[in-house]
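Working notes, beginning with the structure itself.
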Amino acid sequence: MIPEKPLADTSSHGKFSRQIKRIVVRCAAALGISGITALGIFYAANWQALRHLPELAKAQVVHERVKWTAINHVSPWFQKALIATEDRSFYTNWGISFQGIARAALVDLQTGHFTQGGSTITQQLIRDLMLSPAKTIPRKVSGILLSLMATNLYSKNQIFTMFVNEVYLGDHAYGIGQAAQSYFDLSASRLNLPESALLAGLPQAPSAYDPLVHFRLAKQRQWEVLNSMVQDHVITRKQALQAYHAPLPLK
């Protein structure tokens, strides 16, 4: 027996379903085109400014009357401590951390406020030099897009060098060169593990963790940094304990 051909769905319900599908497809296409157009406009509006990011970083240093510190003149201990604390996937990420963004978004939704940062070193650099510190959705989206663009434009060493020179580390100290001098009367290259761990904990809250004012809180933060380094297998637990109990020759 030859099977009968299925009858076309001529019911009003079938026609309505097809209309809905066409509307959904058209809306999706329109949104896609709008999104691509918006990204293109954003890219064109910010690309030139982003190409001058090194000049912006150096202008910040000049404004604060401090010297630029080359990355090979920064203690390896400080570099490792900062990455373990602020952005452990720095050398492999695209300028943003999807895990950090998701975690921050979850906490923000639970609290109803923008309480979490989830920012990478690249995002912090972009925020400091190109954006306002206001925690708004447009600013966060701009920061994400600019960080992706910056990662495509600059090497990781360039981004890291800019960050360690412009980041505020409390006690009127901008950049690791001035901070090492202000706190320990040392050059950035001579910082040891205890000193590096202390300074690497400051970007999160420079005033709250200022060791000259809040020494106990600064030590707690130093221990958090040392623990992060242990978790990243940069140092051993024994080295962390020794560094924590080592004297800090603050000025």
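Note on naming: chains are A, B, ... as they come in the structure tokens, residues start from 1 per chain, ligands start from 1 in the order shown.
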Between stretch 152-231 of chain A and stretch 66-86 of chain A, at 8 Å or less, what are the per-residue closest atom pairs and their distances in Å? Count only C-alpha atoms, order by chain and rising residue number, and return it as a Markdown table.
```
| residue | atom | partner | partner_atom | distance |
| --- | --- | --- | --- | --- |
| A:Asn157 | CA | A:Ile71 | CA | 7.7 |
| A:Thr161 | CA | A:Ile71 | CA | 5.6 |
| A:Asn165 | CA | A:Trp68 | CA | 6.4 |
| A:Tyr174 | CA | A:Val66 | CA | 7.6 |
| A:Ile176 | CA | A:Thr69 | CA | 7.7 |
| A:Gly177 | CA | A:Thr69 | CA | 6.0 |
| A:Gln178 | CA | A:Val66 | CA | 6.5 |
| A:Ala188 | CA | A:Val74 | CA | 5.0 |
| A:Ser189 | CA | A:Ser75 | CA | 4.3 |
| A:Arg190 | CA | A:Ser75 | CA | 6.2 |
| A:Leu191 | CA | A:Ser75 | CA | 5.7 |
| A:Asn192 | CA | A:Trp77 | CA | 6.5 |
| A:Leu193 | CA | A:Trp77 | CA | 5.5 |
| A:Ser196 | CA | A:Phe78 | CA | 4.5 |
| A:Ala197 | CA | A:Ala81 | CA | 5.7 |
| A:Leu199 | CA | A:Phe78 | CA | 7.7 |
| A:Ala200 | CA | A:Leu82 | CA | 4.9 |
| A:Gly201 | CA | A:Thr85 | CA | 7.2 |
| A:Val225 | CA | A:Thr85 | CA | 5.7 |
| A:Leu226 | CA | A:Ala81 | CA | 7.4 |
| A:Ser228 | CA | A:Ala84 | CA | 5.6 |
| A:Met229 | CA | A:Ala84 | CA | 5.5 |
```
Can you tell me how far atom CA of A:Leu186 sits from atom CA of A:Lys251, in Å to one decimal? 10.0 Å
Each residue of stretch 127-239 of chain A with at least one atom at most 9 Å from stretch 40-48 of chain A should appear once, together with its nearest atom pair and the corresponding distance in Å (one decimal); atoms considered: only C-alpha atoms; ordering: chain, then increasing residue number; output as a Markdown table.
```
| residue | atom | partner | partner_atom | distance |
| --- | --- | --- | --- | --- |
| A:Ser142 | CA | A:Phe42 | CA | 8.7 |
| A:Leu145 | CA | A:Tyr43 | CA | 8.6 |
| A:Leu146 | CA | A:Asn46 | CA | 7.9 |
| A:Met149 | CA | A:Trp47 | CA | 8.1 |
```
Counting only C-alpha atoms, the residue of A:Glu64, A:Asp171, A:Glu195, A:Asp185 that sits nearest A:Val213: A:Asp171
Report, in Å with one decimal, the straight-line distance from atom CA of A:Ala150 to atom CA of A:Ala205. 24.8 Å
Can you build me a table of stretch 73-173 of chain A residues sitting at most 10 Å from stretch 51-61 of chain A, with the closest atom pair per residue and its distance in Å to one decimal, using only C-alpha atoms, sorted by chain and residue number, as CSV?
```
residue,atom,partner,partner_atom,distance
A:Leu125,CA,A:Ala57,CA,8.8
A:Ile126,CA,A:Leu53,CA,8.5
A:Asp128,CA,A:Ala57,CA,9.1
A:Leu129,CA,A:Leu56,CA,6.6
A:Met130,CA,A:Leu53,CA,8.4
A:Met149,CA,A:Arg51,CA,9.8
A:Ala150,CA,A:Arg51,CA,8.4
A:Leu153,CA,A:Arg51,CA,7.7
A:Tyr154,CA,A:Arg51,CA,9.0
A:Gln158,CA,A:Pro54,CA,8.3
A:Ile159,CA,A:Pro54,CA,8.6
A:Thr161,CA,A:Pro54,CA,9.4
A:Met162,CA,A:Ala57,CA,6.0
A:Phe163,CA,A:Ala57,CA,8.0
A:Val164,CA,A:Ala57,CA,9.9
A:Asn165,CA,A:Val61,CA,7.0
A:Glu166,CA,A:Ala57,CA,6.1
A:Val167,CA,A:Ala57,CA,9.5
```
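A straight line drawn from atom CA of A:Arg221 to atom CA of A:Lys140 is 26.1 Å long.
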List every residue of stretch 24-232 of chain A that DSSP, applied to the backbone, labels as helix (DSSP H, G or I), and write the result as a count of residues only. 143
